[in-house]
>>> print(open('my_file_18.cif').read())   # mmCIF, C-alpha atoms
data_protein
#
loop_
_atom_site.label_atom_id
_atom_site.label_comp_id
_atom_site.auth_asym_id
_atom_site.auth_seq_id
_atom_site.Cartn_x
_atom_site.Cartn_y
_atom_site.Cartn_z
CA MET A 1 -17.54 -20.85 -1.25
CA GLY A 2 -17.46 -23.94 0.92
CA PHE A 3 -14.75 -26.08 -0.59
CA MET A 4 -11.29 -24.56 -0.44
CA LYS A 5 -9.12 -25.43 -3.41
CA THR A 6 -5.45 -25.75 -2.68
CA THR A 7 -4.24 -25.11 -6.20
CA ALA A 8 -0.82 -23.53 -6.20
CA PHE A 9 -0.31 -20.16 -7.82
CA ALA A 10 1.30 -20.18 -11.28
CA PRO A 11 5.09 -19.82 -11.33
CA ARG A 12 6.67 -16.47 -12.10
CA GLU A 13 7.82 -17.28 -15.68
CA SER A 14 9.16 -14.48 -17.88
CA ARG A 15 8.92 -10.76 -17.18
CA GLY A 16 6.51 -10.41 -20.11
CA GLU A 17 4.18 -13.05 -18.62
CA VAL A 18 4.30 -11.38 -15.22
CA GLU A 19 3.78 -7.82 -16.45
CA SER A 20 1.44 -8.30 -19.41
CA GLY A 21 -0.02 -11.78 -18.95
CA LEU A 22 -3.50 -12.55 -17.67
CA VAL A 23 -2.60 -15.11 -14.99
CA LEU A 24 -1.96 -14.24 -11.35
CA ARG A 25 1.71 -15.03 -10.59
CA PRO A 26 2.26 -13.45 -7.18
CA LYS A 27 5.75 -12.89 -5.86
CA PHE A 28 6.20 -13.75 -2.20
CA ASP A 29 9.28 -12.35 -0.46
CA ALA A 30 12.00 -14.29 1.39
CA GLU A 31 9.60 -14.72 4.32
CA GLY A 32 6.81 -15.97 2.05
CA LEU A 33 4.81 -12.74 2.27
CA ILE A 34 3.29 -10.27 -0.18
CA PRO A 35 2.21 -6.73 0.82
CA CYS A 36 -1.51 -5.93 0.60
CA ILE A 37 -3.11 -2.49 0.35
CA THR A 38 -6.74 -2.47 1.48
CA VAL A 39 -9.02 0.16 -0.01
CA ASP A 40 -12.65 1.04 0.76
CA ALA A 41 -14.53 -0.04 -2.40
CA LYS A 42 -17.07 2.75 -2.02
CA SER A 43 -15.03 5.79 -0.97
CA GLY A 44 -11.70 4.72 -2.51
CA GLU A 45 -9.93 5.57 0.75
CA VAL A 46 -6.88 3.52 1.74
CA LEU A 47 -7.95 1.74 4.92
CA MET A 48 -4.96 -0.32 5.98
CA PHE A 49 -1.85 -2.16 4.92
CA ALA A 50 -0.85 -5.69 5.90
CA PHE A 51 0.84 -8.80 4.57
CA MET A 52 -0.51 -12.04 3.15
CA ASN A 53 1.16 -15.42 2.81
CA GLU A 54 0.10 -17.87 0.09
CA GLU A 55 -2.71 -19.31 2.13
CA ALA A 56 -4.05 -15.90 3.16
CA LEU A 57 -4.10 -14.74 -0.46
CA ARG A 58 -5.82 -17.93 -1.59
CA MET A 59 -8.40 -17.64 1.20
CA THR A 60 -9.03 -13.98 0.39
CA ILE A 61 -9.65 -14.87 -3.26
CA GLN A 62 -11.74 -17.96 -2.61
CA THR A 63 -13.75 -17.03 0.51
CA GLY A 64 -14.29 -13.36 -0.35
CA LYS A 65 -13.26 -12.35 3.18
CA ALA A 66 -10.02 -10.38 3.63
CA THR A 67 -7.47 -12.67 5.27
CA TYR A 68 -3.96 -11.60 6.22
CA TRP A 69 -0.87 -13.07 7.84
CA SER A 70 -0.22 -11.53 11.24
CA ARG A 71 3.53 -11.12 11.58
CA SER A 72 3.30 -10.38 15.31
CA ARG A 73 1.04 -13.33 16.13
CA LYS A 74 2.52 -15.56 13.39
CA LYS A 75 -0.86 -16.84 12.28
CA LEU A 76 -3.60 -16.37 9.70
CA TRP A 77 -5.76 -13.42 10.54
CA ILE A 78 -9.29 -13.37 9.13
CA LYS A 79 -10.03 -9.68 9.52
CA GLY A 80 -13.01 -9.15 11.79
CA GLU A 81 -12.84 -12.55 13.48
CA GLU A 82 -12.43 -10.84 16.85
CA SER A 83 -13.72 -7.34 16.27
CA GLY A 84 -16.62 -8.08 13.91
CA LEU A 85 -15.13 -5.58 11.43
CA VAL A 86 -15.19 -8.06 8.55
CA GLN A 87 -13.98 -6.93 5.10
CA LYS A 88 -16.03 -8.29 2.20
CA VAL A 89 -13.81 -8.38 -0.87
CA LYS A 90 -15.24 -6.71 -3.99
CA GLU A 91 -12.13 -6.61 -6.22
CA ILE A 92 -8.56 -7.93 -6.10
CA LEU A 93 -5.87 -6.20 -8.13
CA THR A 94 -2.18 -6.77 -8.59
CA ASP A 95 0.54 -4.43 -9.79
CA CYS A 96 2.80 -4.57 -12.84
CA ASP A 97 5.42 -6.88 -11.37
CA GLN A 98 2.88 -8.75 -9.23
CA ASP A 99 4.68 -8.26 -5.94
CA VAL A 100 1.83 -6.28 -4.33
CA ILE A 101 -1.89 -6.98 -3.91
CA GLN A 102 -4.62 -4.36 -3.65
CA ILE A 103 -8.02 -5.43 -2.35
CA ARG A 104 -11.11 -3.27 -2.54
CA VAL A 105 -13.49 -4.12 0.27
CA GLU A 106 -16.80 -3.33 1.87
CA VAL A 107 -16.36 -2.94 5.60
CA THR A 108 -18.89 -4.47 7.96
CA GLY A 109 -19.12 -2.01 10.82
CA GLU A 110 -17.72 1.45 11.08
CA GLY A 111 -14.09 1.15 10.27
CA CYS A 112 -11.02 -0.96 10.29
CA CYS A 113 -8.35 0.43 12.60
CA HIS A 114 -7.91 -1.11 16.03
CA ASN A 115 -7.74 2.44 17.39
CA GLY A 116 -11.32 3.20 16.31
CA TYR A 117 -10.73 5.19 13.14
CA ARG A 118 -12.30 4.19 9.82
CA SER A 119 -8.77 4.05 8.32
CA CYS A 120 -5.37 3.40 9.90
CA PHE A 121 -4.07 6.50 8.09
CA TYR A 122 -5.51 9.05 10.53
CA ARG A 123 -2.44 11.31 10.82
CA ARG A 124 -0.48 13.39 8.31
CA VAL A 125 2.86 15.19 8.39
CA ALA A 126 2.16 18.80 9.33
CA ASP A 127 5.69 20.25 9.48
CA PRO A 128 8.52 19.13 7.17
CA ASP A 129 11.22 20.37 9.56
CA SER A 130 10.07 19.08 12.94
CA PHE A 131 8.23 16.03 11.51
CA ALA A 132 5.20 16.98 13.61
CA LEU A 133 1.97 15.20 12.71
CA GLU A 134 -1.62 16.40 12.84
CA GLN A 135 -4.90 14.51 12.72
CA ALA A 136 -6.06 13.75 9.17
CA ILE A 137 -9.22 12.07 10.46
CA ALA A 138 -10.60 14.07 13.36
CA GLU A 139 -13.08 11.67 14.87
CA LYS A 140 -13.02 8.01 15.78
CA SER A 141 -15.92 6.22 14.13
CA PHE A 142 -16.32 3.44 16.67
CA ASP A 143 -15.32 2.52 20.20
CA PRO A 144 -12.40 0.11 19.83
CA GLU A 145 -12.75 -1.20 23.39
CA ALA A 146 -16.34 -2.24 22.77
CA ALA A 147 -15.49 -3.75 19.35
CA TYR A 148 -12.60 -5.85 20.62
CA LYS A 149 -14.45 -6.95 23.77
CA LYS A 150 -17.03 -8.91 21.71
CA MET B 1 13.61 23.76 -0.50
CA GLY B 2 17.27 24.15 -1.20
CA PHE B 3 18.90 23.22 2.07
CA MET B 4 18.36 19.61 3.09
CA LYS B 5 18.18 19.10 6.83
CA THR B 6 19.60 15.85 8.06
CA THR B 7 17.65 15.74 11.30
CA ALA B 8 17.08 12.16 12.39
CA PHE B 9 13.55 10.90 12.87
CA ALA B 10 12.33 10.65 16.46
CA PRO B 11 12.84 7.28 18.15
CA ARG B 12 9.97 4.82 18.41
CA GLU B 13 9.26 5.35 22.15
CA SER B 14 6.14 3.80 23.68
CA ARG B 15 3.23 2.27 21.78
CA GLY B 16 1.02 5.14 22.97
CA GLU B 17 3.44 7.72 21.53
CA VAL B 18 3.63 5.84 18.24
CA GLU B 19 -0.11 5.25 17.84
CA SER B 20 -1.60 8.41 19.34
CA GLY B 21 1.26 10.90 19.42
CA LEU B 22 1.74 13.79 17.01
CA VAL B 23 5.37 13.17 16.06
CA LEU B 24 6.47 11.09 13.08
CA ARG B 25 8.33 8.01 14.42
CA PRO B 26 8.67 5.80 11.36
CA LYS B 27 9.60 2.15 11.72
CA PHE B 28 12.13 0.93 9.18
CA ASP B 29 12.43 -2.83 8.73
CA ALA B 30 15.56 -4.99 9.09
CA GLU B 31 16.77 -3.72 5.70
CA GLY B 32 16.14 -0.10 6.69
CA LEU B 33 13.03 0.26 4.52
CA ILE B 34 9.44 1.36 5.03
CA PRO B 35 6.64 0.54 2.55
CA CYS B 36 5.02 3.48 0.74
CA ILE B 37 1.60 3.54 -0.92
CA THR B 38 1.30 6.27 -3.55
CA VAL B 39 -2.17 7.66 -4.24
CA ASP B 40 -3.37 10.17 -6.85
CA ALA B 41 -4.33 13.23 -4.78
CA LYS B 42 -7.14 14.16 -7.18
CA SER B 43 -8.78 10.85 -8.07
CA GLY B 44 -7.84 8.94 -4.91
CA GLU B 45 -6.65 6.01 -7.04
CA VAL B 46 -3.75 3.91 -5.78
CA LEU B 47 -0.99 4.51 -8.31
CA MET B 48 1.94 2.43 -7.13
CA PHE B 49 3.72 0.85 -4.20
CA ALA B 50 7.42 1.09 -3.40
CA PHE B 51 9.85 1.32 -0.49
CA MET B 52 11.66 4.25 1.10
CA ASN B 53 14.76 4.28 3.24
CA GLU B 54 15.35 7.05 5.80
CA GLU B 55 16.90 9.37 3.26
CA ALA B 56 14.16 8.82 0.68
CA LEU B 57 11.48 9.58 3.28
CA ARG B 58 13.30 12.71 4.44
CA MET B 59 13.77 13.87 0.85
CA THR B 60 10.12 13.21 0.03
CA ILE B 61 9.05 15.29 3.04
CA GLN B 62 11.53 18.12 2.54
CA THR B 63 11.73 18.45 -1.27
CA GLY B 64 8.06 17.70 -2.00
CA LYS B 65 9.08 15.27 -4.77
CA ALA B 66 8.33 11.57 -4.27
CA THR B 67 11.62 9.77 -3.68
CA TYR B 68 11.93 6.02 -3.18
CA TRP B 69 14.64 3.45 -2.59
CA SER B 70 15.06 1.18 -5.59
CA ARG B 71 15.70 -2.32 -4.25
CA SER B 72 16.74 -3.62 -7.67
CA ARG B 73 19.14 -0.79 -8.46
CA LYS B 74 20.11 -0.27 -4.79
CA LYS B 75 19.93 3.50 -5.01
CA LEU B 76 17.74 6.51 -4.32
CA TRP B 77 15.09 6.90 -6.97
CA ILE B 78 13.62 10.35 -7.47
CA LYS B 79 10.47 9.37 -9.34
CA GLY B 80 10.40 10.97 -12.78
CA GLU B 81 14.14 11.66 -12.98
CA GLU B 82 14.34 9.50 -16.11
CA SER B 83 10.77 9.40 -17.38
CA GLY B 84 9.67 12.94 -16.54
CA LEU B 85 6.71 11.47 -14.62
CA VAL B 86 7.48 13.45 -11.47
CA GLN B 87 5.18 13.10 -8.45
CA LYS B 88 4.52 16.33 -6.57
CA VAL B 89 3.66 15.48 -2.97
CA LYS B 90 0.47 17.03 -1.61
CA GLU B 91 0.05 15.05 1.62
CA ILE B 92 2.04 12.49 3.62
CA LEU B 93 0.21 10.15 5.99
CA THR B 94 1.32 7.37 8.27
CA ASP B 95 -0.63 4.49 9.76
CA CYS B 96 -1.42 3.62 13.36
CA ASP B 97 1.83 1.81 14.12
CA GLN B 98 3.85 4.05 11.80
CA ASP B 99 5.36 1.23 9.76
CA VAL B 100 3.78 2.36 6.48
CA ILE B 101 3.74 5.68 4.62
CA GLN B 102 1.00 6.89 2.28
CA ILE B 103 1.75 9.80 -0.02
CA ARG B 104 -0.88 11.64 -2.02
CA VAL B 105 0.63 13.11 -5.16
CA GLU B 106 -0.05 15.11 -8.27
CA VAL B 107 1.44 13.37 -11.27
CA THR B 108 3.30 15.38 -13.90
CA GLY B 109 2.47 13.64 -17.14
CA GLU B 110 -0.06 10.99 -17.84
CA GLY B 111 0.63 8.25 -15.37
CA CYS B 112 3.14 6.48 -13.28
CA CYS B 113 3.61 2.87 -14.38
CA HIS B 114 6.64 2.01 -16.51
CA ASN B 115 4.25 -0.01 -18.69
CA GLY B 116 2.32 3.10 -19.73
CA TYR B 117 -0.74 2.82 -17.49
CA ARG B 118 -1.78 5.65 -15.17
CA SER B 119 -1.57 3.18 -12.24
CA CYS B 120 0.49 0.01 -11.75
CA PHE B 121 -2.72 -1.75 -10.66
CA TYR B 122 -4.09 -2.34 -14.17
CA ARG B 123 -5.20 -5.97 -13.72
CA ARG B 124 -7.72 -7.66 -11.43
CA VAL B 125 -8.46 -11.27 -10.51
CA ALA B 126 -11.28 -12.45 -12.80
CA ASP B 127 -11.64 -16.09 -11.74
CA PRO B 128 -11.12 -17.32 -8.15
CA ASP B 129 -10.46 -20.90 -9.26
CA SER B 130 -8.04 -20.50 -12.17
CA PHE B 131 -6.52 -17.22 -10.84
CA ALA B 132 -7.04 -15.70 -14.31
CA LEU B 133 -6.66 -11.93 -14.50
CA GLU B 134 -8.43 -9.37 -16.65
CA GLN B 135 -7.59 -5.77 -17.46
CA ALA B 136 -8.87 -3.31 -14.86
CA ILE B 137 -7.53 -0.35 -16.83
CA ALA B 138 -8.20 -0.92 -20.52
CA GLU B 139 -5.99 1.66 -22.15
CA LYS B 140 -2.44 2.80 -21.66
CA SER B 141 -2.32 6.54 -21.06
CA PHE B 142 1.15 7.18 -22.43
CA ASP B 143 3.80 5.55 -24.57
CA PRO B 144 6.36 4.12 -22.13
CA GLU B 145 9.05 3.79 -24.79
CA ALA B 146 8.85 7.47 -25.61
CA ALA B 147 8.75 8.47 -21.92
CA TYR B 148 11.78 6.41 -20.95
CA LYS B 149 13.78 7.39 -24.03
CA LYS B 150 13.96 11.04 -22.91
#
>>> encode(input="my_file_18.cif", output="structure tokens")
Amino acid sequence: MGFMKTTAFAPRESRGEVESGLVLRPKFDAEGLIPCITVDAKSGEVLMFAFMNEEALRMTIQTGKATYWSRSRKKLWIKGEESGLVQKVKEILTDCDQDVIQIRVEVTGEGCCHNGYRSCFYRRVADPDSFALEQAIAEKSFDPEAAYKK
Amino acid sequence: MGFMKTTAFAPRESRGEVESGLVLRPKFDAEGLIPCITVDAKSGEVLMFAFMNEEALRMTIQTGKATYWSRSRKKLWIKGEESGLVQKVKEILTDCDQDVIQIRVEVTGEGCCHNGYRSCFYRRVADPDSFALEQAIAEKSFDPEAAYKK
């Protein structure tokens, strides 16, 4: 979509409207951010987690490319701009109280984590007493140095 | 597990330790919370999103029952305590920079959302211009009034 609308999101209104209504009424936190869970549309795997501000959410909805707010760099972050690992948005969901977004995406390239794994969730808790982790995804699926050098 | 250890989590250390190491070094935000994505271990569906504080994360790991921090009620929230919709933890993952937790659970009962749906993500964006939503999950899977009356 070429032309970017700048329509504001609908206000929060009543709890009934938010939880049962059929209008997106996202809740941004004190810093103007809403959490976003990114899921692989094909495999269903959780790929990553990041935040969006109003503009990032609007861009994600209207351009079809996953766009986040980078808290460390304090700027809009169109995923894949640097690495080429673009996320094409297939579905955008919200939760009951509309304070979380879930996007289901098709990944261009072989993954999404800057460490080279297909998902950022590549480790699991292995021991409940020592809090040791083990690999949940054994192999990297791409060379992050090559991806981020482009 | 009867006896609850109160071992502290390991400190954050270097970026290499956090991102490649095999020790859990969770990052809690300024309010002492870490986001948690809860996934159905069988279907892979994202069920809900909530926050944990240190104690909730430790309890989740050591009791095997999903435990969150309720920001509205400002107290520990053992999921299912009221509704019976307990979440039995099968796997606990963390992401590259260890500032998010993902738990994969088996749900006791027919869902997890207080509105009666199996997942809190029961609506999707249907129109990118008007931000209209549509149902993504058509049917409720349990009667929330009955569940929360128990």
>>> closest_atom_pairs(input="my_file_18.cif", of="chain A", to="chain B", cutoff="9 Å", atoms="all atoms listed in the file", output="CSV")
residue,atom,partner,partner_atom,distance
A:Lys5,CA,B:Asp129,CA,7.5
A:Thr7,CA,B:Asp129,CA,8.1
A:Phe9,CA,B:Phe131,CA,7.5
A:Ala10,CA,B:Phe131,CA,8.4
A:Glu19,CA,B:Asn115,CA,8.1
A:Ser20,CA,B:Asn115,CA,8.8
A:Gly21,CA,B:Leu133,CA,8.0
A:Leu22,CA,B:Leu133,CA,4.5
A:Val23,CA,B:Ala132,CA,4.5
A:Leu24,CA,B:Phe131,CA,5.5
A:Arg25,CA,B:Phe131,CA,8.5
A:Pro35,CA,B:Pro35,CA,8.7
A:Ile37,CA,B:Ile37,CA,7.8
A:Val39,CA,B:Val46,CA,8.7
A:Ser43,CA,B:Gly44,CA,8.8
A:Gly44,CA,B:Gly44,CA,6.2
A:Glu45,CA,B:Gly44,CA,6.9
A:Val46,CA,B:Val46,CA,8.2
A:Met48,CA,B:Asp95,CA,7.5
A:Phe49,CA,B:Val100,CA,7.4
A:Arg58,CA,B:Pro128,CA,8.5
A:Ile61,CA,B:Pro128,CA,5.7
A:Gln62,CA,B:Pro128,CA,5.6
A:Glu91,CA,B:Arg124,CA,6.9
A:Ile92,CA,B:Arg124,CA,5.4
A:Leu93,CA,B:Arg124,CA,4.1
A:Thr94,CA,B:Phe121,CA,5.5
A:Asp95,CA,B:Phe121,CA,4.3
A:Cys96,CA,B:Cys120,CA,5.2
A:Asp97,CA,B:Cys120,CA,8.5
A:Val100,CA,B:Phe49,CA,7.4
A:Ile101,CA,B:Phe121,CA,8.6
A:Gln102,CA,B:Phe121,CA,7.7
A:Cys113,CA,B:Cys96,CA,7.7
A:His114,CA,B:Cys96,CA,8.5
A:Asn115,CA,B:Cys96,CA,7.6
A:Ser119,CA,B:Asp95,CA,8.3
A:Cys120,CA,B:Asp95,CA,4.9
A:Phe121,CA,B:Asp95,CA,4.3
A:Tyr122,CA,B:Asp95,CA,6.7
A:Arg123,CA,B:Leu93,CA,5.6
A:Arg124,CA,B:Leu93,CA,4.0
A:Val125,CA,B:Ile92,CA,5.5
A:Ala126,CA,B:Ile92,CA,8.5
A:Asp127,CA,B:Ile61,CA,8.8
A:Pro128,CA,B:Gln62,CA,5.6
A:Asp129,CA,B:Gln62,CA,7.4
A:Ser130,CA,B:Val23,CA,8.2
A:Phe131,CA,B:Leu24,CA,5.5
A:Ala132,CA,B:Val23,CA,4.5
A:Leu133,CA,B:Leu22,CA,4.5
A:Glu134,CA,B:Leu22,CA,6.0
A:Gln135,CA,B:Leu22,CA,7.9
A:Ala136,CA,B:Leu93,CA,7.9
>>> atom_distance(input="my_file_18.cif", atom1="CA of Glu106 (chain B)", atom2="CA of Lys42 (chain B)")
7.2 Å
>>> residues_around(input="my_file_18.cif", residues="Lys75 (chain B)", least_positions_apart="2", cutoff="12 Å", atoms="all atoms listed in the file", output="list of chain:residue names")
B:Phe51, B:Met52, B:Asn53, B:Glu55, B:Ala56, B:Thr67, B:Tyr68, B:Trp69, B:Ser70, B:Arg71, B:Ser72, B:Arg73, B:Trp77, B:Ile78, B:Lys79
>>> residues_around(input="my_file_18.cif", residues="Gly84 (chain B)", least_positions_apart="5", cutoff="9 Å", atoms="only C-alpha atoms", output="ChimeraX atom specification")
/B:79,108-109,147-148,150
>>> atom_distance(input="my_file_18.cif", atom1="CA of Leu76 (chain B)", atom2="CA of Glu31 (chain B)")
14.4 Å
>>> closest_residue(input="my_file_18.cif", among="B:Val18, B:Ala146, B:Gln87, B:Glu110", to="Thr38 (chain B)", atoms="only C-alpha atoms")
B:Gln87
>>> atom_distance(input="my_file_18.cif", atom1="CA of Lys88 (chain B)", atom2="CA of Asp40 (chain A)")
24.1 Å
>>> axis_aligned_box(input="my_file_18.cif", around="region 6-21 of chain B", padding_each_side="6 Å", output="lines of an AutoDock Vina configuration file")
center_x = 9.0
center_y = 9.1
center_z = 15.9
size_x = 33.2
size_y = 25.6
size_z = 27.6
>>> closest_residue(input="my_file_18.cif", among="B:Arg15, B:Lys140, B:Lys65, B:Lys27", to="Leu85 (chain B)", atoms="all atoms listed in the file")
B:Lys65
>>> decode(input="my_file_18.cif", residues="region 52-139 of chain B", atoms="C-alpha atoms", output="mmCIF file, in the first residue's frame")
data_model
loop_
_atom_site.group_PDB
_atom_site.id
_atom_site.type_symbol
_atom_site.label_atom_id
_atom_site.label_comp_id
_atom_site.auth_asym_id
_atom_site.auth_seq_id
_atom_site.Cartn_x
_atom_site.Cartn_y
_atom_site.Cartn_z
ATOM 1 C CA MET B 52 6.270 -12.490 35.950
ATOM 2 C CA ASN B 53 8.320 -11.059 38.773
ATOM 3 C CA GLU B 54 11.324 -12.940 40.171
ATOM 4 C CA GLU B 55 9.220 -14.985 42.542
ATOM 5 C CA ALA B 56 6.643 -15.894 39.899
ATOM 6 C CA LEU B 57 9.386 -17.067 37.531
ATOM 7 C CA ARG B 58 11.068 -19.104 40.273
ATOM 8 C CA MET B 59 7.738 -20.653 41.275
ATOM 9 C CA THR B 60 6.889 -21.465 37.660
ATOM 10 C CA ILE B 61 10.247 -23.214 37.246
ATOM 11 C CA GLN B 62 10.216 -25.039 40.568
ATOM 12 C CA THR B 63 6.530 -25.954 41.040
ATOM 13 C CA GLY B 64 5.753 -26.676 37.380
ATOM 14 C CA LYS B 65 2.569 -24.574 37.610
ATOM 15 C CA ALA B 66 2.400 -21.345 35.603
ATOM 16 C CA THR B 67 2.580 -18.433 38.037
ATOM 17 C CA TYR B 68 2.384 -14.788 37.012
ATOM 18 C CA TRP B 69 2.437 -11.370 38.627
ATOM 19 C CA SER B 70 -0.933 -9.665 38.369
ATOM 20 C CA ARG B 71 -0.270 -5.989 37.694
ATOM 21 C CA SER B 72 -3.888 -5.033 38.371
ATOM 22 C CA ARG B 73 -4.196 -6.944 41.639
ATOM 23 C CA LYS B 74 -0.512 -6.427 42.563
ATOM 24 C CA LYS B 75 -0.045 -10.005 43.714
ATOM 25 C CA LEU B 76 1.232 -13.410 42.666
ATOM 26 C CA TRP B 77 -1.250 -15.168 40.437
ATOM 27 C CA ILE B 78 -1.081 -18.943 40.277
ATOM 28 C CA LYS B 79 -3.030 -19.477 37.070
ATOM 29 C CA GLY B 80 -6.119 -21.587 37.713
ATOM 30 C CA GLU B 81 -6.270 -20.947 41.464
ATOM 31 C CA GLU B 82 -9.748 -19.453 41.042
ATOM 32 C CA SER B 83 -10.940 -20.832 37.720
ATOM 33 C CA GLY B 84 -9.439 -24.319 37.879
ATOM 34 C CA LEU B 85 -7.763 -23.662 34.512
ATOM 35 C CA VAL B 86 -4.322 -24.654 35.777
ATOM 36 C CA GLN B 87 -1.371 -24.589 33.369
ATOM 37 C CA LYS B 88 1.082 -27.458 33.787
ATOM 38 C CA VAL B 89 4.481 -26.334 32.530
ATOM 39 C CA LYS B 90 6.169 -28.634 30.014
ATOM 40 C CA GLU B 91 8.996 -26.387 28.790
ATOM 41 C CA ILE B 92 10.452 -22.979 29.678
ATOM 42 C CA LEU B 93 12.394 -21.046 27.054
ATOM 43 C CA THR B 94 14.105 -17.693 27.028
ATOM 44 C CA ASP B 95 15.087 -15.461 24.137
ATOM 45 C CA CYS B 96 18.489 -14.295 22.931
ATOM 46 C CA ASP B 97 18.838 -11.359 25.318
ATOM 47 C CA GLN B 98 16.918 -13.122 28.088
ATOM 48 C CA ASP B 99 14.371 -10.370 28.619
ATOM 49 C CA VAL B 100 11.379 -12.543 27.674
ATOM 50 C CA ILE B 101 10.163 -15.944 28.874
ATOM 51 C CA GLN B 102 8.142 -18.430 26.824
ATOM 52 C CA ILE B 103 6.389 -21.256 28.643
ATOM 53 C CA ARG B 104 4.810 -24.216 26.906
ATOM 54 C CA VAL B 105 1.966 -25.605 28.964
ATOM 55 C CA GLU B 106 -0.711 -28.235 29.161
ATOM 56 C CA VAL B 107 -4.014 -26.641 30.086
ATOM 57 C CA THR B 108 -6.268 -28.317 32.637
ATOM 58 C CA GLY B 109 -9.758 -27.584 31.407
ATOM 59 C CA GLU B 110 -10.876 -26.145 28.146
ATOM 60 C CA GLY B 111 -8.958 -22.951 27.734
ATOM 61 C CA CYS B 112 -7.274 -20.071 29.378
ATOM 62 C CA CYS B 113 -9.030 -16.782 28.621
ATOM 63 C CA HIS B 114 -11.343 -15.316 31.251
ATOM 64 C CA ASN B 115 -13.802 -14.675 28.410
ATOM 65 C CA GLY B 116 -14.217 -18.393 27.719
ATOM 66 C CA TYR B 117 -12.002 -18.809 24.666
ATOM 67 C CA ARG B 118 -9.187 -21.365 24.566
ATOM 68 C CA SER B 119 -6.762 -18.495 23.775
ATOM 69 C CA CYS B 120 -6.893 -14.775 24.584
ATOM 70 C CA PHE B 121 -6.083 -14.073 20.919
ATOM 71 C CA TYR B 122 -9.609 -14.639 19.589
ATOM 72 C CA ARG B 123 -9.806 -11.603 17.264
ATOM 73 C CA ARG B 124 -7.807 -10.518 14.217
ATOM 74 C CA VAL B 125 -7.549 -7.290 12.237
ATOM 75 C CA ALA B 126 -9.949 -7.592 9.283
ATOM 76 C CA ASP B 127 -9.565 -4.182 7.637
ATOM 77 C CA PRO B 128 -6.275 -2.230 7.538
ATOM 78 C CA ASP B 129 -8.029 1.098 6.972
ATOM 79 C CA SER B 130 -10.865 1.059 9.505
ATOM 80 C CA PHE B 131 -8.997 -1.200 12.006
ATOM 81 C CA ALA B 132 -12.121 -3.397 12.202
ATOM 82 C CA LEU B 133 -11.623 -6.764 13.873
ATOM 83 C CA GLU B 134 -13.233 -10.122 13.196
ATOM 84 C CA GLN B 135 -13.395 -13.290 15.265
ATOM 85 C CA ALA B 136 -10.361 -15.530 14.798
ATOM 86 C CA ILE B 137 -11.786 -18.135 17.169
ATOM 87 C CA ALA B 138 -15.503 -18.502 16.507
ATOM 88 C CA GLU B 139 -16.681 -20.401 19.550
#
